[in-house]
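Text of the file run.txt, holding compact mmCIF, C-alpha atoms:
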```
# COMPACT_ATOMS: atom_id res chain seq x y z
CA MET A 1269 -47.59 11.33 -152.17
CA GLY A 1270 -48.44 14.73 -153.68
CA LEU A 1271 -51.97 15.78 -154.46
CA PHE A 1272 -51.66 15.10 -158.19
CA ASP A 1273 -49.29 12.10 -158.07
CA ARG A 1274 -52.12 9.60 -158.38
CA PHE A 1275 -53.22 11.22 -161.63
CA ARG A 1276 -49.83 11.43 -163.38
CA GLY A 1277 -49.62 9.33 -166.52
CA LYS A 1278 -53.40 8.74 -166.47
CA LYS A 1279 -54.72 11.02 -169.18
CA THR A 1280 -58.34 10.38 -170.02
CA THR A 1281 -58.69 8.57 -173.33
CA LYS A 1282 -61.36 9.44 -175.89
CA ALA A 1283 -63.13 6.13 -175.16
CA GLU A 1284 -63.21 6.95 -171.45
CA SER A 1285 -64.55 10.45 -172.17
CA ASP A 1286 -67.26 9.03 -174.42
CA SER A 1287 -68.34 6.60 -171.70
CA LEU A 1288 -68.69 9.48 -169.25
CA ARG A 1289 -71.30 11.06 -171.52
CA ASP A 1290 -73.84 8.78 -169.84
CA TYR A 1291 -73.54 11.02 -166.78
CA SER A 1292 -73.77 14.35 -168.58
CA GLY A 1293 -76.69 16.35 -167.21
CA LEU A 1294 -76.67 14.74 -163.76
CA ARG A 1295 -76.72 16.92 -160.66
CA MET A 1296 -73.49 16.35 -158.80
CA GLU A 1297 -72.61 16.78 -155.16
CA VAL A 1298 -69.02 18.03 -155.09
CA PHE A 1299 -66.65 17.29 -152.20
CA ASP A 1300 -63.00 18.02 -151.51
CA GLN A 1301 -60.36 15.38 -150.81
CA ASP A 1302 -61.39 15.30 -147.14
CA ASP A 1303 -65.04 14.58 -148.03
CA GLN A 1304 -66.12 18.11 -147.10
CA PHE A 1305 -69.23 19.08 -149.07
CA LEU A 1306 -68.57 22.13 -151.26
CA PHE A 1307 -71.47 22.73 -153.63
CA MET A 1308 -73.95 21.18 -156.06
CA ALA A 1309 -73.59 21.61 -159.83
CA VAL A 1310 -74.57 19.95 -163.09
CA LEU A 1311 -72.00 17.86 -164.95
CA LEU A 1312 -71.82 18.51 -168.69
CA ILE A 1313 -69.67 16.61 -171.19
CA LEU A 1314 -69.17 18.98 -174.13
CA GLN A 1315 -69.05 18.03 -177.80
CA ASP A 1316 -65.24 17.88 -177.69
CA ALA A 1317 -65.49 15.53 -174.66
CA THR A 1318 -64.43 18.27 -172.22
CA PRO A 1319 -66.13 17.81 -168.80
CA GLU A 1320 -67.45 20.88 -166.98
CA LEU A 1321 -69.33 21.68 -163.80
CA ARG A 1322 -71.86 24.46 -164.22
CA GLN A 1323 -73.76 26.52 -161.68
CA LEU A 1324 -77.32 25.31 -161.15
CA ALA A 1325 -80.12 27.82 -161.68
CA ASP A 1326 -81.33 29.39 -158.42
CA ALA A 1327 -78.56 27.63 -156.48
CA PRO A 1328 -76.25 29.36 -154.01
CA ASP A 1329 -73.31 30.88 -155.84
CA ILE A 1330 -70.24 28.67 -155.91
CA PRO A 1331 -67.72 30.58 -153.73
CA TRP A 1332 -65.27 32.28 -156.07
CA GLU A 1333 -62.22 31.02 -154.18
CA ILE A 1334 -63.16 27.41 -154.99
CA GLY A 1335 -61.17 26.34 -158.04
CA ILE A 1336 -58.79 29.30 -158.28
CA GLU A 1337 -56.16 26.73 -157.35
CA PRO A 1338 -56.84 23.32 -158.97
CA PHE A 1339 -57.95 20.72 -156.44
CA HIS A 1340 -58.81 17.04 -156.31
CA ALA A 1341 -62.60 16.78 -156.20
CA LYS A 1342 -64.96 13.89 -155.54
CA LEU A 1343 -68.29 13.94 -157.36
CA ARG A 1344 -71.38 11.94 -156.49
CA ALA A 1345 -74.80 11.61 -158.11
CA PHE A 1346 -77.64 9.12 -158.38
CA ASP A 1347 -78.40 7.66 -161.80
CA ASN A 1348 -82.12 6.90 -161.86
CA ILE A 1349 -81.80 4.88 -165.06
CA GLN A 1350 -79.24 2.46 -163.63
CA LYS A 1351 -80.58 2.92 -160.07
CA LEU A 1352 -77.02 3.33 -158.83
CA ALA A 1353 -74.94 5.94 -157.06
CA ILE A 1354 -72.20 7.25 -159.36
CA HIS A 1355 -68.82 8.21 -157.88
CA LEU A 1356 -66.39 10.23 -160.01
CA GLU A 1357 -63.22 12.17 -159.32
CA GLY A 1358 -60.95 14.60 -161.11
CA ILE A 1359 -59.00 17.83 -160.91
CA VAL A 1360 -61.31 20.86 -160.78
CA SER A 1361 -60.32 24.43 -161.59
CA ARG A 1362 -62.16 27.70 -162.18
CA VAL A 1363 -63.06 28.86 -165.70
CA ASP A 1364 -65.39 31.75 -164.92
CA GLU A 1365 -68.12 32.76 -162.48
CA ASP A 1366 -70.46 29.88 -163.31
CA VAL A 1367 -68.17 27.23 -164.81
CA LEU A 1368 -65.41 24.97 -163.51
CA LYS A 1369 -63.53 22.55 -165.75
CA ILE A 1370 -62.58 19.01 -164.78
CA GLU A 1371 -59.36 17.40 -165.92
CA ARG A 1372 -58.64 13.68 -165.70
CA LEU A 1373 -62.24 12.94 -164.83
CA ARG A 1374 -62.73 9.25 -164.16
CA LEU A 1375 -65.36 6.88 -162.87
CA VAL A 1376 -64.43 5.52 -159.45
CA SER A 1377 -67.36 3.24 -158.74
CA LYS A 1378 -71.06 2.54 -159.13
CA ASP A 1379 -72.94 1.11 -156.18
CA ASN A 1380 -76.20 1.08 -154.28
CA ASP A 1381 -75.08 3.71 -151.77
CA ARG A 1382 -77.66 6.50 -151.41
CA ALA A 1383 -75.82 8.20 -148.55
CA PHE A 1384 -75.79 11.62 -150.16
CA PHE A 1385 -74.89 14.85 -148.46
CA ARG A 1386 -77.48 15.51 -145.75
CA GLN A 1387 -78.83 19.02 -145.38
CA GLY A 1388 -80.21 19.97 -141.98
CA ILE A 1389 -83.80 21.11 -142.24
CA ASN A 1390 -86.27 22.74 -139.86
CA ALA A 1391 -89.72 21.68 -141.05
CA VAL A 1392 -92.81 19.82 -139.92
CA GLY A 1393 -94.83 17.40 -142.02
CA GLU A 1394 -97.03 14.35 -141.69
CA ILE A 1395 -96.67 10.74 -142.73
CA TYR A 1396 -99.11 7.96 -143.45
CA PHE A 1397 -98.90 4.40 -144.69
CA THR A 1398 -98.57 4.47 -148.47
CA GLY A 1399 -101.81 3.64 -150.25
CA ASP A 1400 -103.97 4.71 -147.31
CA PRO A 1401 -104.02 8.56 -147.30
CA ASP A 1402 -107.43 8.77 -145.62
CA ALA A 1403 -106.36 6.74 -142.60
CA VAL A 1404 -104.47 7.96 -139.54
CA SER A 1405 -101.49 10.22 -140.18
CA TRP A 1406 -98.68 11.19 -137.82
CA VAL A 1407 -97.11 14.61 -137.39
CA CYS A 1408 -93.34 14.44 -137.79
CA GLU A 1409 -90.34 16.72 -137.55
CA LEU A 1410 -87.92 16.70 -140.50
CA ARG A 1411 -84.34 16.57 -139.22
CA ASN A 1412 -82.38 16.40 -142.47
CA VAL A 1413 -82.95 15.67 -146.14
CA SER A 1414 -80.79 14.45 -149.00
CA ALA A 1415 -81.27 13.39 -152.59
CA GLY A 1416 -81.69 9.83 -151.31
CA GLY A 1417 -83.89 10.17 -148.27
CA VAL A 1418 -85.03 11.97 -145.15
CA CYS A 1419 -84.67 11.65 -141.39
CA LEU A 1420 -87.92 12.05 -139.44
CA ARG A 1421 -88.45 12.45 -135.69
CA ILE A 1422 -91.72 11.30 -134.12
CA LYS A 1423 -92.83 10.73 -130.55
CA GLU A 1424 -94.37 7.35 -131.31
CA GLU A 1425 -92.73 4.04 -132.18
CA ASP A 1426 -95.38 3.08 -134.70
CA PHE A 1427 -93.19 2.10 -137.65
CA GLN A 1428 -90.76 -0.68 -138.40
CA VAL A 1429 -87.94 -1.19 -140.86
CA GLY A 1430 -89.48 -1.96 -144.24
CA ASP A 1431 -92.71 -0.01 -143.72
CA GLU A 1432 -93.76 1.93 -146.83
CA LEU A 1433 -94.77 5.47 -145.95
CA THR A 1434 -95.64 8.69 -147.73
CA LEU A 1435 -94.30 11.99 -146.41
CA ARG A 1436 -96.46 15.06 -146.94
CA ALA A 1437 -94.43 18.20 -146.30
CA ARG A 1438 -93.13 21.53 -147.54
CA LEU A 1439 -89.37 21.07 -147.81
CA SER A 1440 -88.66 24.80 -147.97
CA PRO A 1441 -90.72 27.98 -147.45
CA GLU A 1442 -90.53 28.67 -151.19
CA GLN A 1443 -92.23 25.40 -152.13
CA GLU A 1444 -95.76 24.05 -151.97
CA ILE A 1445 -96.68 20.99 -149.93
CA SER A 1446 -95.74 17.81 -151.80
CA GLU A 1447 -95.83 14.07 -151.18
CA PHE A 1448 -92.79 11.79 -151.25
CA PRO A 1449 -93.01 7.96 -151.01
CA CYS A 1450 -90.34 6.36 -148.86
CA ILE A 1451 -89.37 3.19 -147.00
CA VAL A 1452 -88.20 3.02 -143.37
CA ARG A 1453 -84.58 1.81 -143.32
CA ARG A 1454 -83.55 2.68 -139.77
CA VAL A 1455 -85.25 3.21 -136.39
CA THR A 1456 -83.30 4.96 -133.61
CA PRO A 1457 -84.68 5.60 -130.08
CA LYS A 1458 -83.99 9.11 -128.72
CA ARG A 1459 -84.41 10.81 -125.36
CA GLY A 1460 -87.83 11.87 -124.16
CA GLY A 1461 -89.62 8.98 -125.83
CA MET A 1462 -88.76 10.23 -129.33
CA PHE A 1463 -87.78 8.05 -132.28
CA GLU A 1464 -85.88 8.93 -135.44
CA TYR A 1465 -86.74 7.15 -138.67
CA GLY A 1466 -84.21 7.08 -141.49
CA CYS A 1467 -86.29 6.79 -144.66
CA GLN A 1468 -85.18 6.15 -148.23
CA PHE A 1469 -87.07 7.88 -151.03
CA VAL A 1470 -88.51 5.45 -153.59
CA ASN A 1471 -90.27 5.72 -156.95
CA LEU A 1472 -89.62 9.44 -157.27
CA ASN A 1473 -90.44 11.03 -160.60
CA ALA A 1474 -88.31 13.75 -162.20
CA ALA A 1475 -90.44 16.52 -160.67
CA ASP A 1476 -90.00 15.06 -157.16
CA GLN A 1477 -86.24 14.78 -157.61
CA ASP A 1478 -86.03 18.35 -158.87
CA ARG A 1479 -88.15 19.55 -155.93
CA ILE A 1480 -85.81 17.91 -153.42
CA SER A 1481 -82.66 19.28 -155.08
CA ARG A 1482 -84.12 22.77 -155.24
CA ALA A 1483 -85.18 22.61 -151.58
CA ILE A 1484 -81.63 21.71 -150.53
CA MET A 1485 -80.24 24.58 -152.60
CA GLU A 1486 -82.83 27.02 -151.24
CA ILE A 1487 -81.93 26.07 -147.66
CA GLN A 1488 -78.24 26.57 -148.45
CA ARG A 1489 -78.94 29.93 -150.10
CA ASN A 1490 -80.94 31.14 -147.08
CA LEU A 1491 -78.21 30.01 -144.69
CA ALA A 1492 -75.62 31.84 -146.80
CA ARG A 1493 -77.70 35.02 -146.71
CA ARG A 1494 -78.01 34.84 -142.93
CA SER A 1495 -74.28 34.29 -142.49
CA MET A 1496 -73.66 37.40 -144.61
CA GLY A 1497 -76.21 39.41 -142.65
CA ARG A 1498 -78.53 39.97 -145.60
```
Take the structure in the file and give it back as structure tokens.
Amino acid sequence: MGLFDRFRGKKTTKAESDSLRDYSGLRMEVFDQDDQFLFMAVLLILQDATPELRQLADAPDIPWEIGIEPFHAKLRAFDNIQKLAIHLEGIVSRVDEDVLKIERLRLVSKDNDRAFFRQGINAVGEIYFTGDPDAVSWVCELRNVSAGGVCLRIKEEDFQVGDELTLRARLSPEQEISEFPCIVRRVTPKRGGMFEYGCQFVNLNAADQDRISRAIMEIQRNLARRSMGR
């Protein structure tokens, strides 16, 4: 089956385009057909129902070669109103430096999956049991972060699945120290008496969500600069 065979004869109707307006303005993680992460962008549904992906402010530039040839893209975001992960797909092609258009955009599914793209991170923070900031806190190493959660490494096995914690950390050098409530979802023993805790962010406000997204983009931008020798 060719790349575009699955989309033939499936033009998006006006009703379908109107329903997609609910997702206009969401930050999208964009992947190729092989689930390789490409970039983050904001989805906009224009007045004429045309969907576009636009460069986020202060984000790493979307490589120019992406979209010169139309490609099948998978888009993923988290809708905080519905509390669901949104999965879309369509044919993406370049319009100009900051804009890519999407043809045959369609909703694939909505589910509770928060397994967003994970960005490796090199940072240290501290955690404490939520609601008790003056009690004992634990120093932790941040291994990776995503829009949905964070992986922490600690030398102690002091937490269990379901524990409600608050992470206090600076997610990138450009940001101030912030606090993020989370719940332990996974505990994994590691060598040397270390433990990794997979934590899901909960009850984040818009500022917290923006801070996390910007941190991921700042890390990507710094990595891009290093790879280019800047």
Spatial neighbours of Leu1343 of chain A, max dist 9 Å, all atoms listed in the file, sep filter under 2 positions, as JSON, numbers by chain: {"A": [1296, 1297, 1298, 1299, 1300, 1341, 1345, 1354, 1355, 1356, 1357, 1358]}
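Considering all atoms listed in the file, the residue among A:Leu1420, A:Asp1426, A:Tyr1291, A:Ile1330 positioned nearest to Leu1352 of chain A is A:Tyr1291.
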Gap from atom CA of Val1392 of chain A to atom CA of Ile1422 of chain A - Å, one decimal: 10.4 Å
Surrounding residues of Arg1479 of chain A excluding itself and chain neighbours under 3 positions, 9 Å, all atoms listed in the file, as a VMD selection string: chain A and resid 1439 1443 1446 1474 to 1476 1482 to 1484
Residues near Arg1362 of chain A, cut-off 7 Å, all atoms listed in the file, skip fewer than 5 positions along chain, as a list in words: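 So the residues in contact are Gly1335, Ile1336, Val1367, Leu1368 and Lys1369 of chain A.
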Closest of A:Leu1433, A:Leu1410, A:Ile1389, A:Ala1353 to Leu1375 of chain A - atom-to-atom distances counting all atoms listed in the file: A:Ala1353
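The nearest approach to Asp1379 of chain A among the residues A:Val1363, A:Phe1346, A:Pro1457, A:Asp1402, with all atoms listed in the file taken into account, belongs to A:Phe1346.
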Selected residue of minimal separation from Gly1430 of chain A among A:Val1455, A:Leu1472, A:Ile1334, A:Val1310, counting all atoms listed in the file: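 Among A:Val1455, A:Leu1472, A:Ile1334, A:Val1310, it is A:Val1455 that comes nearest to Gly1430 of chain A.
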All residues 12 Å or closer to Arg1459 of chain A, all atoms listed in the file, same chain fewer than 4 positions away omitted, as a PyMOL selection string: chain A and resi 1421-1423+1463-1464
Which residue of A:Ile1313, A:Ala1415, A:Ile1487, A:Cys1408 approaches Glu1371 of chain A most closely, using only C-alpha atoms: A:Ile1313
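In terms of minimum interatomic distance to Met1485 of chain A, A:Gly1388 ranks closest within A:Gly1466, A:Gly1388, A:Gly1416, A:Pro1449, counting only C-alpha atoms.
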Local residues around (-84.8, 6.3, -141.8), at most 6 Å away, using only C-alpha atoms, as a list in words: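 The residues that fall inside the cut-off are Cys1419, Val1452, Arg1453, Arg1454, Tyr1465, Gly1466 and Cys1467 of chain A.
Atom CA of Arg1386 of chain A is found 20.6 Å from atom CA of Met1462 of chain A.
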Separation of atom CA of Thr1434 of chain A from atom CA of Cys1450 of chain A, in Å and rounded to one decimal: 5.9 Å
Taking all heavy atoms as the atom set, what does segment 1297-1308 of chain A look like once completed, written as a short mmCIF file (atom, residue, chain, number, x, y, z; two decimals), in the frame of the given file?
```cif
data_model
loop_
_atom_site.label_atom_id
_atom_site.label_comp_id
_atom_site.auth_asym_id
_atom_site.auth_seq_id
_atom_site.Cartn_x
_atom_site.Cartn_y
_atom_site.Cartn_z
N GLU A 1297 -73.08 16.24 -156.43
CA GLU A 1297 -72.61 16.78 -155.16
C GLU A 1297 -71.10 16.76 -155.23
O GLU A 1297 -70.49 15.74 -155.55
CB GLU A 1297 -73.10 15.91 -154.00
CG GLU A 1297 -74.62 15.92 -153.85
CD GLU A 1297 -75.11 14.94 -152.80
OE1 GLU A 1297 -74.31 14.05 -152.41
OE2 GLU A 1297 -76.26 15.04 -152.38
N VAL A 1298 -70.46 17.90 -154.94
CA VAL A 1298 -69.02 18.03 -155.09
C VAL A 1298 -68.38 18.15 -153.71
O VAL A 1298 -68.81 18.97 -152.89
CB VAL A 1298 -68.66 19.25 -155.96
CG1 VAL A 1298 -67.15 19.35 -156.15
CG2 VAL A 1298 -69.36 19.16 -157.32
N PHE A 1299 -67.36 17.32 -153.47
CA PHE A 1299 -66.65 17.29 -152.20
C PHE A 1299 -65.16 17.50 -152.44
O PHE A 1299 -64.65 17.24 -153.53
CB PHE A 1299 -66.84 15.92 -151.51
CG PHE A 1299 -68.27 15.58 -151.22
CD1 PHE A 1299 -69.10 15.07 -152.22
CD2 PHE A 1299 -68.80 15.73 -149.95
CE1 PHE A 1299 -70.43 14.75 -151.97
CE2 PHE A 1299 -70.12 15.40 -149.69
CZ PHE A 1299 -70.94 14.91 -150.69
N ASP A 1300 -64.45 17.94 -151.39
CA ASP A 1300 -63.00 18.02 -151.51
C ASP A 1300 -62.38 16.68 -151.14
O ASP A 1300 -63.09 15.70 -150.87
CB ASP A 1300 -62.44 19.18 -150.67
CG ASP A 1300 -62.66 19.00 -149.16
OD1 ASP A 1300 -62.97 17.87 -148.73
OD2 ASP A 1300 -62.52 19.99 -148.43
N GLN A 1301 -61.07 16.64 -151.08
CA GLN A 1301 -60.36 15.38 -150.81
C GLN A 1301 -60.67 14.83 -149.42
O GLN A 1301 -60.55 13.62 -149.18
CB GLN A 1301 -58.86 15.60 -150.98
CG GLN A 1301 -58.04 14.31 -151.05
CD GLN A 1301 -56.59 14.57 -151.36
OE1 GLN A 1301 -56.10 15.68 -151.16
NE2 GLN A 1301 -55.90 13.57 -151.86
N ASP A 1302 -61.08 15.72 -148.51
CA ASP A 1302 -61.39 15.30 -147.14
C ASP A 1302 -62.88 15.02 -146.94
O ASP A 1302 -63.37 14.97 -145.80
CB ASP A 1302 -60.93 16.37 -146.15
CG ASP A 1302 -59.43 16.59 -146.19
OD1 ASP A 1302 -58.70 15.59 -146.31
OD2 ASP A 1302 -58.99 17.75 -146.12
N ASP A 1303 -63.60 14.88 -148.06
CA ASP A 1303 -65.04 14.58 -148.03
C ASP A 1303 -65.87 15.71 -147.44
O ASP A 1303 -66.97 15.48 -146.94
CB ASP A 1303 -65.32 13.28 -147.28
CG ASP A 1303 -64.74 12.06 -148.00
OD1 ASP A 1303 -64.82 12.02 -149.24
OD2 ASP A 1303 -64.19 11.18 -147.31
N GLN A 1304 -65.36 16.94 -147.52
CA GLN A 1304 -66.12 18.11 -147.10
C GLN A 1304 -67.00 18.56 -148.26
O GLN A 1304 -66.51 18.84 -149.35
CB GLN A 1304 -65.17 19.24 -146.69
CG GLN A 1304 -65.87 20.54 -146.29
CD GLN A 1304 -66.68 20.41 -145.03
OE1 GLN A 1304 -66.23 19.79 -144.06
NE2 GLN A 1304 -67.87 20.99 -145.00
N PHE A 1305 -68.32 18.65 -148.01
CA PHE A 1305 -69.23 19.08 -149.07
C PHE A 1305 -68.94 20.53 -149.44
O PHE A 1305 -68.79 21.40 -148.58
CB PHE A 1305 -70.67 18.95 -148.61
CG PHE A 1305 -71.68 19.47 -149.60
CD1 PHE A 1305 -72.02 18.74 -150.72
CD2 PHE A 1305 -72.27 20.71 -149.41
CE1 PHE A 1305 -72.94 19.23 -151.64
CE2 PHE A 1305 -73.20 21.21 -150.31
CZ PHE A 1305 -73.53 20.46 -151.43
N LEU A 1306 -68.89 20.80 -150.77
CA LEU A 1306 -68.57 22.13 -151.26
C LEU A 1306 -69.76 22.82 -151.94
O LEU A 1306 -70.12 23.93 -151.59
CB LEU A 1306 -67.39 22.07 -152.24
CG LEU A 1306 -66.08 21.52 -151.68
CD1 LEU A 1306 -65.04 21.42 -152.79
CD2 LEU A 1306 -65.57 22.39 -150.54
N PHE A 1307 -70.37 22.13 -152.90
CA PHE A 1307 -71.47 22.73 -153.63
C PHE A 1307 -72.14 21.66 -154.49
O PHE A 1307 -71.63 20.54 -154.62
CB PHE A 1307 -70.99 23.89 -154.53
CG PHE A 1307 -69.95 23.50 -155.54
CD1 PHE A 1307 -70.30 23.03 -156.80
CD2 PHE A 1307 -68.60 23.63 -155.25
CE1 PHE A 1307 -69.35 22.68 -157.74
CE2 PHE A 1307 -67.62 23.28 -156.18
CZ PHE A 1307 -68.00 22.80 -157.43
N MET A 1308 -73.28 22.03 -155.08
CA MET A 1308 -73.95 21.18 -156.06
C MET A 1308 -73.86 21.86 -157.42
O MET A 1308 -73.93 23.09 -157.53
CB MET A 1308 -75.40 20.96 -155.68
CG MET A 1308 -75.59 20.16 -154.41
SD MET A 1308 -77.34 19.87 -154.01
CE MET A 1308 -77.79 18.72 -155.33
#
```
